[in-house]
file query_34.txt (compact mmCIF, C-alpha atoms and all ligand atoms)
# COMPACT_ATOMS: atom_id res chain seq x y z
CA MET A 223 71.53 -15.13 -35.10
CA ASN A 224 73.77 -18.16 -34.99
CA VAL A 225 73.04 -19.85 -38.30
CA ARG A 226 75.07 -22.95 -37.53
CA PHE A 227 73.17 -23.42 -34.26
CA LEU A 228 69.85 -23.03 -36.07
CA PHE A 229 70.92 -25.60 -38.64
CA THR A 230 72.00 -28.03 -35.95
CA TRP A 231 68.78 -27.50 -34.03
CA SER A 232 66.65 -28.13 -37.10
CA ILE A 233 68.48 -31.42 -37.62
CA VAL A 234 67.82 -32.36 -34.02
CA CYS A 235 64.14 -31.36 -34.26
CA GLY A 236 63.60 -33.05 -37.61
CA PHE A 237 65.27 -36.36 -36.96
CA LEU A 238 66.63 -37.13 -33.53
CA TRP A 239 64.03 -35.67 -31.26
CA PRO A 240 60.92 -37.41 -32.63
CA ALA A 241 62.81 -40.68 -33.03
CA SER A 242 63.91 -40.59 -29.40
CA PHE A 243 60.70 -39.48 -27.75
CA ALA A 244 57.84 -40.30 -30.13
CA ALA A 245 56.97 -43.51 -28.31
CA GLU A 246 56.42 -41.61 -25.06
CA LEU A 247 54.19 -38.89 -26.51
CA PRO A 248 50.50 -38.96 -25.70
CA LYS A 249 48.68 -39.75 -28.92
CA PHE A 250 46.12 -37.29 -30.19
CA ASP A 251 43.33 -39.14 -31.95
CA PRO A 252 41.27 -36.39 -33.55
CA PRO A 253 37.51 -36.92 -33.25
CA ALA A 254 37.24 -35.92 -36.92
CA LEU A 255 39.82 -35.98 -39.70
CA TYR A 256 38.84 -35.52 -43.34
CA LEU A 257 40.21 -34.29 -46.61
CA THR A 258 38.90 -32.05 -49.37
CA TRP A 259 40.31 -29.83 -52.10
CA GLN A 260 40.10 -26.13 -52.75
CA ARG A 261 42.47 -26.04 -55.73
CA ASP A 262 44.10 -28.39 -58.23
CA PRO A 263 43.85 -31.92 -56.75
CA SER A 264 47.07 -32.96 -58.49
CA THR A 265 49.19 -30.52 -56.46
CA THR A 266 47.18 -29.65 -53.34
CA MET A 267 45.29 -31.25 -50.47
CA THR A 268 43.20 -29.61 -47.77
CA VAL A 269 43.27 -31.40 -44.42
CA HIS A 270 40.54 -30.69 -41.87
CA TRP A 271 40.48 -32.05 -38.34
CA HIS A 272 38.74 -31.28 -35.08
CA SER A 273 39.85 -30.85 -31.51
CA ASP A 274 37.98 -30.04 -28.30
CA TRP A 275 39.01 -26.62 -26.99
CA THR A 276 38.14 -27.59 -23.42
CA GLU A 277 41.00 -30.10 -23.63
CA GLY A 278 43.53 -27.43 -24.51
CA PHE A 279 44.61 -25.26 -27.37
CA ARG A 280 46.05 -26.89 -30.47
CA ASP A 281 47.65 -25.16 -33.39
CA PRO A 282 46.48 -26.04 -36.87
CA ALA A 283 49.84 -27.62 -37.62
CA LEU A 284 50.91 -30.85 -39.29
CA GLN A 285 53.94 -32.46 -40.82
CA TYR A 286 53.83 -34.24 -44.16
CA GLN A 287 56.22 -36.19 -46.33
CA GLU A 288 56.23 -38.10 -49.57
CA ALA A 289 55.67 -41.73 -48.67
CA LYS A 290 59.07 -42.61 -50.12
CA SER A 291 60.88 -39.79 -48.37
CA ARG A 292 62.23 -39.42 -44.84
CA LYS A 293 62.04 -35.64 -44.78
CA TRP A 294 59.07 -34.13 -42.97
CA THR A 295 57.78 -30.69 -43.94
CA LEU A 296 55.84 -28.49 -41.52
CA ALA A 297 52.59 -26.84 -42.63
CA VAL A 298 50.48 -24.47 -40.56
CA GLY A 299 46.94 -23.33 -41.41
CA ALA A 300 44.05 -21.75 -39.55
CA TRP A 301 41.35 -22.68 -37.08
CA HIS A 302 37.85 -21.55 -36.25
CA PRO A 303 35.20 -22.74 -33.81
CA MET A 304 32.52 -25.17 -34.96
CA PRO A 305 29.41 -23.15 -34.07
CA PHE A 306 27.72 -23.86 -30.73
CA THR A 307 30.02 -26.77 -29.85
CA ASN A 308 33.27 -27.36 -27.96
CA ARG A 309 34.98 -28.21 -31.20
CA ILE A 310 37.63 -26.37 -33.13
CA VAL A 311 37.87 -26.96 -36.88
CA HIS A 312 41.49 -26.99 -38.02
CA THR A 313 42.34 -26.45 -41.67
CA VAL A 314 45.68 -26.84 -43.41
CA GLU A 315 45.98 -26.60 -47.17
CA LEU A 316 49.08 -28.29 -48.57
CA THR A 317 50.29 -26.88 -51.87
CA GLY A 318 53.16 -27.53 -54.25
CA LEU A 319 52.67 -31.31 -54.03
CA LYS A 320 53.67 -33.79 -56.73
CA PRO A 321 50.90 -35.34 -58.85
CA SER A 322 49.99 -39.04 -58.47
CA THR A 323 52.03 -39.23 -55.30
CA GLU A 324 51.30 -40.78 -51.93
CA TYR A 325 51.93 -38.60 -48.89
CA ARG A 326 51.94 -39.30 -45.17
CA PHE A 327 50.98 -36.72 -42.59
CA ARG A 328 50.71 -36.46 -38.83
CA LEU A 329 49.19 -33.83 -36.60
CA GLY A 330 51.00 -32.22 -33.73
CA LYS A 331 51.66 -29.25 -31.53
CA LEU A 332 53.84 -26.23 -31.99
CA MET A 333 55.86 -25.96 -28.78
CA ALA A 334 57.41 -22.67 -27.75
CA GLN A 335 61.15 -22.86 -28.18
CA GLY A 336 62.59 -19.79 -26.54
CA ALA A 337 63.92 -17.14 -28.83
CA LEU A 338 64.14 -19.65 -31.64
CA GLY A 339 60.38 -19.75 -32.06
CA PHE A 340 58.62 -23.08 -32.20
CA ARG A 341 59.31 -26.70 -32.72
CA PHE A 342 56.77 -29.21 -34.02
CA GLU A 343 55.90 -32.07 -31.75
CA PRO A 344 54.01 -34.81 -33.60
CA ASP A 345 51.44 -36.54 -31.43
CA SER A 346 48.91 -38.21 -33.74
CA PRO A 347 48.91 -41.44 -35.70
CA THR A 348 50.21 -41.09 -39.26
CA ASN A 349 47.65 -41.03 -42.06
CA LYS A 350 48.03 -40.89 -45.79
CA PHE A 351 46.54 -39.47 -48.94
CA ARG A 352 47.31 -39.49 -52.63
CA THR A 353 47.33 -36.55 -55.04
CA MET A 354 45.43 -36.87 -58.30
CA PRO A 355 47.18 -37.39 -61.65
CA ALA A 356 48.15 -34.26 -63.61
CA THR A 357 46.65 -35.69 -66.80
CA GLY A 358 43.67 -37.91 -67.56
CA ASP A 359 45.71 -40.76 -69.07
CA GLN A 360 44.94 -43.09 -66.17
CA PRO A 361 41.41 -44.12 -65.13
CA ILE A 362 39.85 -41.65 -62.69
CA ARG A 363 37.47 -43.22 -60.18
CA PHE A 364 35.01 -41.43 -57.93
CA ALA A 365 31.90 -42.18 -55.91
CA VAL A 366 28.77 -40.01 -55.94
CA GLY A 367 25.85 -40.23 -53.56
CA GLY A 368 23.66 -38.05 -51.40
CA ASP A 369 21.22 -38.15 -48.51
CA VAL A 370 23.88 -39.80 -46.48
CA TYR A 371 23.51 -40.04 -42.71
CA GLY A 372 19.89 -40.95 -42.16
CA ASP A 373 20.60 -43.91 -39.96
CA ARG A 374 24.08 -44.87 -38.94
CA GLU A 375 23.99 -48.50 -39.96
CA ARG A 376 22.94 -47.86 -43.57
CA TYR A 377 25.44 -45.02 -43.85
CA GLU A 378 28.27 -47.12 -42.45
CA VAL A 379 27.58 -50.20 -44.57
CA MET A 380 27.41 -48.15 -47.75
CA CYS A 381 30.67 -46.39 -46.84
CA ARG A 382 32.36 -49.78 -46.57
CA HIS A 383 31.20 -50.74 -50.07
CA VAL A 384 32.36 -47.39 -51.45
CA ALA A 385 35.78 -47.62 -49.83
CA GLU A 386 36.31 -51.18 -51.10
CA LEU A 387 35.83 -49.88 -54.63
CA ASP A 388 38.87 -47.66 -54.05
CA PRO A 389 37.64 -44.30 -55.38
CA HIS A 390 40.03 -41.36 -55.66
CA PHE A 391 37.40 -39.16 -54.00
CA ALA A 392 33.69 -39.01 -53.19
CA ILE A 393 31.12 -36.39 -54.17
CA VAL A 394 28.31 -36.00 -51.65
CA GLY A 395 25.19 -34.40 -53.07
CA GLY A 396 23.60 -32.80 -50.04
CA ASP A 397 21.53 -33.89 -47.01
CA ILE A 398 24.74 -35.01 -45.40
CA ALA A 399 24.17 -35.19 -41.62
CA TYR A 400 20.55 -33.95 -41.46
CA GLU A 401 21.24 -31.41 -38.73
CA ASN A 402 19.02 -28.72 -40.31
CA GLY A 403 21.40 -25.98 -39.23
CA ASN A 404 20.23 -26.66 -35.69
CA PRO A 405 22.78 -26.56 -32.82
CA ALA A 406 20.73 -29.21 -30.99
CA ASN A 407 21.67 -31.58 -33.82
CA ALA A 408 25.38 -30.74 -34.00
CA ARG A 409 26.18 -34.20 -32.71
CA ARG A 410 24.91 -35.61 -35.98
CA TRP A 411 27.98 -34.05 -37.58
CA PHE A 412 30.20 -35.64 -34.94
CA ALA A 413 28.78 -39.04 -35.89
CA PHE A 414 28.86 -38.37 -39.62
CA LEU A 415 32.52 -37.34 -39.53
CA GLU A 416 33.51 -40.17 -37.20
CA VAL A 417 32.10 -42.74 -39.62
CA TRP A 418 33.66 -40.96 -42.61
CA MET A 419 37.07 -40.95 -40.92
CA THR A 420 36.79 -44.60 -39.94
CA GLU A 421 35.17 -46.13 -43.00
CA MET A 422 36.07 -43.96 -45.98
CA VAL A 423 39.55 -45.36 -46.13
CA ALA A 424 40.80 -46.99 -49.34
CA PRO A 425 42.16 -50.56 -49.25
CA ASP A 426 45.74 -49.18 -49.15
CA GLY A 427 44.95 -46.95 -46.16
CA ARG A 428 44.46 -43.64 -48.04
CA LEU A 429 41.82 -41.29 -46.68
CA ILE A 430 39.19 -40.61 -49.36
CA PRO A 431 38.56 -36.87 -49.89
CA ILE A 432 35.02 -35.49 -49.79
CA LEU A 433 33.51 -32.94 -52.19
CA PRO A 434 30.21 -31.91 -50.57
CA ALA A 435 27.32 -30.09 -52.25
CA ILE A 436 24.69 -28.43 -50.07
CA GLY A 437 21.20 -29.86 -49.48
CA ASN A 438 18.07 -28.60 -47.76
CA HIS A 439 19.01 -30.41 -44.51
CA GLU A 440 22.23 -28.39 -44.25
CA THR A 441 20.04 -25.33 -43.93
CA HIS A 442 18.14 -23.84 -41.05
CA GLY A 443 14.53 -23.81 -42.15
CA ASN A 444 15.10 -26.75 -44.49
CA ALA A 445 15.09 -24.35 -47.44
CA TYR A 446 14.34 -25.53 -50.92
CA THR A 447 10.98 -24.06 -51.82
CA ARG A 448 9.75 -20.51 -52.15
CA GLY A 449 7.78 -20.94 -48.95
CA GLY A 450 10.38 -22.85 -46.96
CA GLY A 451 12.88 -20.15 -46.26
CA GLY A 452 13.42 -19.24 -49.88
CA VAL A 453 12.61 -16.10 -51.83
CA GLY A 454 11.90 -13.14 -49.60
CA SER A 455 12.80 -14.87 -46.37
CA GLY A 456 16.54 -14.39 -46.28
CA ILE A 457 18.05 -17.26 -48.25
CA SER A 458 21.73 -16.96 -47.44
CA PRO A 459 24.83 -18.94 -46.46
CA ASN A 460 24.17 -17.66 -42.94
CA ARG A 461 21.42 -20.25 -42.68
CA SER A 462 23.96 -23.08 -42.90
CA PRO A 463 26.29 -22.66 -39.93
CA TYR A 464 27.71 -26.19 -40.04
CA TYR A 465 28.14 -26.85 -43.75
CA PHE A 466 30.25 -23.74 -44.25
CA SER A 467 32.25 -24.15 -41.07
CA LEU A 468 33.12 -27.81 -41.69
CA PHE A 469 34.17 -27.79 -45.33
CA SER A 470 36.48 -25.46 -47.25
CA MET A 471 34.93 -26.74 -50.44
CA PRO A 472 32.77 -25.36 -52.04
CA GLY A 473 33.10 -22.48 -49.57
CA LYS A 474 30.92 -19.40 -49.74
CA PRO A 475 28.68 -18.52 -51.42
CA GLY A 476 27.94 -22.29 -51.61
CA TYR A 477 28.69 -23.30 -55.20
CA ASN A 478 32.03 -23.85 -56.88
CA VAL A 479 33.94 -25.78 -59.50
CA LEU A 480 37.04 -27.88 -58.99
CA ASP A 481 39.37 -28.39 -61.95
CA PHE A 482 41.45 -31.56 -62.21
CA GLY A 483 44.05 -30.51 -64.78
CA ASN A 484 42.17 -30.20 -68.06
CA TYR A 485 40.63 -33.67 -67.87
CA LEU A 486 37.88 -33.18 -65.32
CA SER A 487 35.89 -30.32 -63.81
CA VAL A 488 33.41 -31.02 -61.02
CA PHE A 489 30.65 -28.46 -60.47
CA LEU A 490 29.07 -28.45 -57.01
CA MET A 491 25.85 -26.47 -57.29
CA ASP A 492 23.37 -25.10 -54.75
CA SER A 493 19.77 -26.03 -55.62
CA PHE A 494 18.06 -23.20 -53.73
CA HIS A 495 19.38 -23.69 -50.20
CA ALA A 496 21.87 -20.92 -49.50
CA ASN A 497 21.57 -19.45 -52.99
CA ARG A 498 18.83 -19.01 -55.52
CA VAL A 499 18.98 -21.06 -58.69
CA ALA A 500 18.50 -18.10 -61.08
CA GLY A 501 20.54 -14.91 -60.86
CA PRO A 502 24.17 -14.79 -59.75
CA GLN A 503 24.62 -18.57 -59.51
CA THR A 504 23.30 -19.19 -63.03
CA GLU A 505 25.37 -16.28 -64.41
CA TRP A 506 28.45 -17.75 -62.75
CA LEU A 507 27.65 -21.21 -64.13
CA GLU A 508 27.37 -19.87 -67.67
CA GLN A 509 30.71 -18.08 -67.45
CA ALA A 510 32.46 -20.97 -65.69
CA LEU A 511 31.25 -23.48 -68.30
CA GLY A 512 32.28 -21.11 -71.09
CA ARG A 513 35.83 -21.09 -69.73
CA ARG A 514 35.99 -24.89 -69.71
CA ARG A 515 35.27 -25.77 -73.32
CA HIS A 516 38.68 -27.50 -73.48
CA VAL A 517 37.95 -29.80 -70.51
CA LYS A 518 37.39 -33.43 -71.46
CA HIS A 519 34.91 -34.38 -68.75
CA ILE A 520 32.60 -32.01 -66.89
CA VAL A 521 30.17 -33.33 -64.30
CA ALA A 522 27.73 -31.46 -62.08
CA ALA A 523 26.29 -32.53 -58.75
CA TYR A 524 23.59 -30.84 -56.70
CA HIS A 525 20.75 -31.76 -54.43
CA VAL A 526 17.23 -31.19 -55.82
CA PRO A 527 16.63 -33.13 -59.04
CA ALA A 528 15.65 -31.49 -62.32
CA TYR A 529 14.08 -34.85 -63.21
CA PRO A 530 12.67 -36.21 -59.95
CA SER A 531 11.93 -39.87 -59.38
CA TYR A 532 9.76 -39.38 -56.29
CA ARG A 533 8.68 -35.75 -56.02
CA PRO A 534 6.54 -33.98 -58.63
CA TYR A 535 7.99 -33.03 -62.02
CA ARG A 536 6.41 -29.61 -61.55
CA GLY A 537 8.23 -28.94 -58.27
CA GLN A 538 9.37 -25.32 -58.08
CA VAL A 539 13.08 -25.96 -57.80
CA SER A 540 13.03 -28.78 -60.36
CA GLU A 541 11.43 -26.38 -62.83
CA MET A 542 13.99 -23.68 -62.04
CA ILE A 543 16.88 -26.06 -62.65
CA ARG A 544 15.38 -27.28 -65.93
CA GLU A 545 14.88 -23.68 -67.01
CA HIS A 546 18.17 -22.12 -65.89
CA TRP A 547 20.86 -24.79 -65.56
CA VAL A 548 20.01 -27.68 -67.86
CA PRO A 549 20.32 -25.62 -71.10
CA LEU A 550 23.75 -24.46 -69.90
CA PHE A 551 24.79 -28.04 -69.08
CA GLU A 552 23.73 -29.03 -72.61
CA LYS A 553 25.64 -26.14 -74.19
CA GLY A 554 28.66 -26.98 -72.02
CA GLY A 555 28.77 -30.54 -73.37
CA LEU A 556 27.96 -32.34 -70.11
CA ARG A 557 26.84 -35.95 -70.41
CA LEU A 558 26.53 -36.87 -66.72
CA VAL A 559 24.72 -34.95 -63.99
CA PHE A 560 24.14 -36.22 -60.45
CA GLU A 561 20.98 -35.34 -58.50
CA HIS A 562 19.73 -36.33 -55.06
CA HIS A 563 17.02 -35.43 -52.50
CA ASP A 564 14.37 -37.96 -53.53
CA HIS A 565 15.81 -40.99 -51.66
CA THR A 566 15.62 -43.40 -54.60
CA TYR A 567 17.78 -44.76 -57.38
CA LYS A 568 17.11 -43.32 -60.82
CA ARG A 569 18.74 -43.10 -64.22
CA THR A 570 17.09 -41.00 -66.88
CA HIS A 571 17.13 -41.53 -70.61
CA PRO A 572 19.64 -39.26 -72.31
CA LEU A 573 17.82 -35.91 -72.38
CA ARG A 574 18.34 -32.81 -74.47
CA GLY A 575 16.03 -29.86 -75.09
CA GLY A 576 13.39 -31.41 -72.84
CA LYS A 577 13.24 -34.58 -74.93
CA VAL A 578 14.88 -37.98 -75.11
CA ASP A 579 17.95 -37.62 -77.33
CA PRO A 580 20.77 -40.18 -77.65
CA LYS A 581 23.35 -37.40 -77.41
CA GLY A 582 21.77 -35.90 -74.32
CA ILE A 583 22.59 -35.81 -70.62
CA VAL A 584 21.99 -38.80 -68.37
CA PHE A 585 20.79 -37.67 -64.93
CA VAL A 586 21.69 -40.15 -62.22
CA GLY A 587 20.21 -39.96 -58.72
CA ASP A 588 18.36 -39.50 -56.51
CA GLY A 589 20.24 -39.62 -53.22
CA CYS A 590 19.84 -42.76 -51.14
CA TRP A 591 23.22 -43.43 -49.49
CA GLY A 592 21.97 -43.93 -45.95
CA VAL A 593 18.30 -42.97 -45.70
CA ILE A 594 15.12 -45.02 -45.97
CA PRO A 595 14.35 -45.48 -49.69
CA ARG A 596 11.12 -44.02 -51.05
CA LYS A 597 8.74 -45.35 -53.68
CA THR A 598 9.52 -44.16 -57.18
CA HIS A 599 7.40 -42.88 -60.03
CA PRO A 600 6.47 -45.74 -62.37
CA VAL A 601 9.19 -45.91 -65.01
CA ASP A 602 6.80 -46.91 -67.79
CA LYS A 603 4.59 -43.87 -67.13
CA THR A 604 7.37 -41.32 -66.63
CA TRP A 605 8.78 -40.18 -69.98
CA TYR A 606 12.26 -39.25 -68.73
CA LEU A 607 12.99 -42.26 -66.51
CA ALA A 608 14.96 -45.20 -67.93
CA ARG A 609 15.30 -46.84 -64.53
CA ALA A 610 14.05 -46.20 -61.02
CA GLU A 611 14.16 -48.29 -57.89
CA SER A 612 13.50 -47.87 -54.20
CA VAL A 613 16.97 -48.85 -52.97
CA ASN A 614 20.00 -47.62 -51.01
CA HIS A 615 22.91 -47.10 -53.37
CA VAL A 616 26.03 -45.14 -54.22
CA ASN A 617 27.15 -44.45 -57.80
CA PHE A 618 30.65 -45.23 -58.86
CA VAL A 619 32.13 -43.44 -61.88
CA THR A 620 35.24 -44.34 -63.87
CA LEU A 621 36.54 -41.93 -66.50
CA GLN A 622 38.98 -43.33 -69.02
CA GLY A 623 39.73 -41.70 -72.34
CA ASP A 624 36.38 -40.41 -73.57
CA ARG A 625 34.48 -43.17 -71.74
CA ARG A 626 32.37 -42.49 -68.68
CA HIS A 627 31.42 -45.70 -66.94
CA VAL A 628 28.88 -45.65 -64.13
CA LYS A 629 27.84 -48.49 -61.88
CA SER A 630 25.52 -48.22 -58.94
CA VAL A 631 26.06 -50.43 -55.93
CA ASN A 632 23.39 -51.29 -53.38
CA ILE A 633 23.64 -51.94 -49.64
CA ASP A 634 24.51 -55.61 -50.25
CA GLY A 635 27.45 -54.52 -52.41
CA HIS A 636 25.70 -55.71 -55.58
CA VAL A 637 25.70 -53.76 -58.83
CA ILE A 638 22.10 -52.73 -59.52
CA ASP A 639 22.69 -50.71 -62.67
CA GLU A 640 25.63 -50.15 -64.97
CA PHE A 641 26.12 -48.16 -68.18
CA HIS A 642 28.69 -46.18 -70.09
CA LEU A 643 28.79 -43.18 -72.38
CA ASP A 644 31.54 -42.91 -75.01
CA GLY A 645 32.21 -39.42 -76.36
CA LYS A 646 28.96 -38.12 -77.80
CA GLY A 647 27.51 -41.61 -78.18
CA PRO A 648 24.32 -42.92 -76.58
CA PRO A 649 24.32 -44.64 -73.18
CA VAL A 650 25.08 -48.34 -73.38
CA VAL A 651 23.52 -50.29 -70.53
CA SER A 652 25.36 -53.37 -69.22
CA GLY A 653 23.77 -56.58 -68.02
CA ASN A 654 22.39 -56.50 -64.50
CA GLU A 655 24.72 -58.45 -62.25
CA ARG A 656 22.21 -59.29 -59.55
FE FE B 1 17.26 -36.16 -48.06
FE FE B 2 16.80 -33.17 -49.47
call {"tool": "encode", "arguments": {"input": "query_34.txt", "output": "structure tokens", "more": "lines below"}}
Ligand SMILES: [Fe+2]
Ligand SMILES: [Fe+2]
result
Amino acid sequence: MNVRFLFTWSIVCGFLWPASFAAELPKFDPPALYLTWQRDPSTTMTVHWHSDWTEGFRDPALQYQEAKSRKWTLAVGAWHPMPFTNRIVHTVELTGLKPSTEYRFRLGKLMAQGALGFRFEPDSPTNKFRTMPATGDQPIRFAVGGDVYGDRERYEVMCRHVAELDPHFAIVGGDIAYENGNPANARRWFAFLEVWMTEMVAPDGRLIPILPAIGNHETHGNAYTRGGGGVGSGISPNRSPYYFSLFSMPGKPGYNVLDFGNYLSVFLMDSFHANRVAGPQTEWLEQALGRRRHVKHIVAAYHVPAYPSYRPYRGQVSEMIREHWVPLFEKGGLRLVFEHHDHTYKRTHPLRGGKVDPKGIVFVGDGCWGVIPRKTHPVDKTWYLARAESVNHVNFVTLQGDRRHVKSVNIDGHVIDEFHLDGKGPPVVSGNER
């Protein structure tokens, strides 16, 4: 092999060729482009995008560069079909990145290049992302909300408010596109991802990564009760063809934890949709929390609330979570847990051992990003509720030092509730800004 020729060719491919011909290339605007993480968010990024296979084969290939650099690096991943659609889901995980660094990337094609192999031909607009810090010295900001794409307008408007607040990432707590695992509703995912790609863009143009937990509406049979596709009727990741095909995180079996250095661990749990609450998931949770005693902030997000604001307190799954997970959350030192599914806003008192306790966990919910809000239980007659309101909202968390600050923003962009927890101290509620 002629090494000098290869070197020369790589120079031509990397610099001259795209500069000369890029303007003439047909642009590929992917119908969906979104980010998530599978490993350390300070050094990796997972890029997902879609293409339509009837319009031709595309490799899962992209080029990326540090925003301050001129050198592009090629990365190639894998693809698989999105079930029962014309779409291909492309996945490329970038690794070995620098923390707190802005990167640009562009999609493209691998073109056959004779005996030399392939050359990369960029053909998409350039997008950007930012890796997370390696340490928790800087404020860490993230959004949390669930029950997202009920109607498009609510979903879109809330996304705009979230993006304006410039979060590093967004946790979505289930009931994402409401397709119910049904191929006839696959287009709901097209719309969900189109809005996410368009609206969940930070003020500086960064795409905002998504960390999705599973909900009953990601599941064929709408499973979350013993009778609704649960125990004895084949509860399994196989009932969620879209959720698992669209997102690498949490991946199968449907629950996972993502570690941000040693300053934050995010648990995405499955509240009886593809996995039972008790059994392997609870055993995993206990072990995973035990290995994270050194982590400064641990938060958990899942769909069905342990402390519901609309549905009954004695709901089967709520009872299971209170029995199996909540004691582990308490032992693991969690102070903030995010719940969804009830289509309301709620904040509980700090709770520990089934009682109000200033050092306990505050449960924030209950999933009303883009669905019609429901009536809540009366706060004064519900021992665990500190606040409940029938309102669209997304929660916005800032971690700094040992402070966890949470504000909840409604569909008008107004703050409807705001509090913080310092270390092991009690929640301190701020003035209502409305
Ligand atoms: Fe829902
Ligand atoms: Fe739900």
call {"tool": "residues_around", "arguments": {"input": "query_34.txt", "residues": "A:Trp294", "least_positions_apart": "3", "cutoff": "6 Å", "atoms": "all atoms listed in the file", "output": "list in words"}}
result
Gln285, Tyr286 and Gln287 of chain A
call {"tool": "write_last_selection", "arguments": {"input": "query_34.txt", "atoms": "C-alpha atoms", "output": "PDB file, keeping the file's coordinate frame"}}
result
ATOM      1  CA  GLN A 285      53.940 -32.460 -40.820  1.00  0.00           C
ATOM      2  CA  TYR A 286      53.830 -34.240 -44.160  1.00  0.00           C
ATOM      3  CA  GLN A 287      56.220 -36.190 -46.330  1.00  0.00           C
TER       4      GLN A 287
END
call {"tool": "residues_near_ligand", "arguments": {"input": "query_34.txt", "ligand": "ligand FE 1 (chain B)", "cutoff": "12 Å", "atoms": "all atoms listed in the file", "output": "JSON, numbers by chain"}}
result
{"A": [367, 368, 369, 370, 371, 372, 373, 394, 395, 396, 397, 398, 399, 400, 401, 402, 436, 437, 438, 439, 440, 441, 444, 446, 524, 525, 526, 527, 532, 533, 561, 562, 563, 564, 565, 566, 587, 588, 589, 590, 591, 592, 593, 594, 595, 596]}
call {"tool": "closest_atom_pairs", "arguments": {"input": "query_34.txt", "of": "stretch 340-410 of chain A", "to": "stretch 613-636 of chain A", "cutoff": "10 Å", "atoms": "all atoms listed in the file", "output": "CSV"}}
result
residue,atom,partner,partner_atom,distance
A:Gly358,CA,A:Gly623,CA,7.3
A:Asp359,CA,A:Gly623,CA,6.9
A:Gln360,CA,A:Gln622,CA,6.6
A:Pro361,CA,A:Gln622,CA,4.7
A:Ile362,CA,A:Leu621,CA,5.1
A:Arg363,CA,A:Thr620,CA,4.5
A:Phe364,CA,A:Val619,CA,5.3
A:Ala365,CA,A:Phe618,CA,4.4
A:Val366,CA,A:Asn617,CA,5.1
A:Gly367,CA,A:Val616,CA,5.0
A:Gly368,CA,A:Val616,CA,8.0
A:Asp369,CA,A:Asn614,CA,9.9
A:Val370,CA,A:Val616,CA,9.6
A:Arg376,CA,A:Ile633,CA,7.3
A:Tyr377,CA,A:Ile633,CA,9.2
A:Glu378,CA,A:Ile633,CA,9.8
A:Val379,CA,A:Ile633,CA,6.7
A:Met380,CA,A:Ile633,CA,5.7
A:Cys381,CA,A:Val616,CA,8.8
A:Arg382,CA,A:Gly635,CA,9.0
A:His383,CA,A:Gly635,CA,5.8
A:Val384,CA,A:Val616,CA,7.3
A:Glu386,CA,A:Gly635,CA,9.6
A:Leu387,CA,A:Phe618,CA,8.1
A:Asp388,CA,A:Phe618,CA,9.8
A:Pro389,CA,A:Phe618,CA,7.9
A:His390,CA,A:Thr620,CA,10.0
A:Ala392,CA,A:Phe618,CA,8.9
A:Ile393,CA,A:Asn617,CA,9.7
A:Val394,CA,A:Val616,CA,9.8
call {"tool": "atom_distance", "arguments": {"input": "query_34.txt", "atom1": "atom CA of A:Gly476", "atom2": "atom CA of A:Phe327"}}
result
28.6 Å
call {"tool": "closest_residue", "arguments": {"input": "query_34.txt", "among": "A:Arg280, A:Met354, A:Trp271, A:Thr265", "to": "A:Leu415", "atoms": "only C-alpha atoms"}}
result
A:Trp271
call {"tool": "residues_around", "arguments": {"input": "query_34.txt", "residues": "A:Pro253", "least_positions_apart": "2", "cutoff": "12 Å", "atoms": "all atoms listed in the file", "output": "PyMOL selection string"}}
result
chain A and resi 250-251+255-256+270-274+308-312+346+409+411-420
call {"tool": "write_last_selection", "arguments": {"input": "query_34.txt", "atoms": "C-alpha atoms", "output": "compact mmCIF listing (two decimals), in the frame of the given file"}}
result
# COMPACT_ATOMS: atom_id res chain seq x y z
CA PHE A 250 46.12 -37.29 -30.19
CA ASP A 251 43.33 -39.14 -31.95
CA LEU A 255 39.82 -35.98 -39.70
CA TYR A 256 38.84 -35.52 -43.34
CA HIS A 270 40.54 -30.69 -41.87
CA TRP A 271 40.48 -32.05 -38.34
CA HIS A 272 38.74 -31.28 -35.08
CA SER A 273 39.85 -30.85 -31.51
CA ASP A 274 37.98 -30.04 -28.30
CA ASN A 308 33.27 -27.36 -27.96
CA ARG A 309 34.98 -28.21 -31.20
CA ILE A 310 37.63 -26.37 -33.13
CA VAL A 311 37.87 -26.96 -36.88
CA HIS A 312 41.49 -26.99 -38.02
CA SER A 346 48.91 -38.21 -33.74
CA ARG A 409 26.18 -34.20 -32.71
CA TRP A 411 27.98 -34.05 -37.58
CA PHE A 412 30.20 -35.64 -34.94
CA ALA A 413 28.78 -39.04 -35.89
CA PHE A 414 28.86 -38.37 -39.62
CA LEU A 415 32.52 -37.34 -39.53
CA GLU A 416 33.51 -40.17 -37.20
CA VAL A 417 32.10 -42.74 -39.62
CA TRP A 418 33.66 -40.96 -42.61
CA MET A 419 37.07 -40.95 -40.92
CA THR A 420 36.79 -44.60 -39.94
call {"tool": "residues_around", "arguments": {"input": "query_34.txt", "residues": "A:His519", "least_positions_apart": "5", "cutoff": "8 Å", "atoms": "all atoms listed in the file", "output": "PyMOL selection string"}}
result
chain A and resi 485-487+556+624
call {"tool": "closest_residue", "arguments": {"input": "query_34.txt", "among": "A:Ile457, A:Ile583, A:Met471, A:Ala496", "to": "A:Lys646", "atoms": "only C-alpha atoms"}}
result
A:Ile583
call {"tool": "residues_near_point", "arguments": {"input": "query_34.txt", "point": "(24.4, -24.7, -32.0)", "cutoff": "8 Å", "atoms": "all atoms listed in the file", "output": "number ranges by chain"}}
result
A: 305-307, 403-408
call {"tool": "closest_residue", "arguments": {"input": "query_34.txt", "among": "A:Leu511, A:Ile520, A:Ala424, A:Met491", "to": "A:Gly473", "atoms": "all atoms listed in the file"}}
result
A:Met491
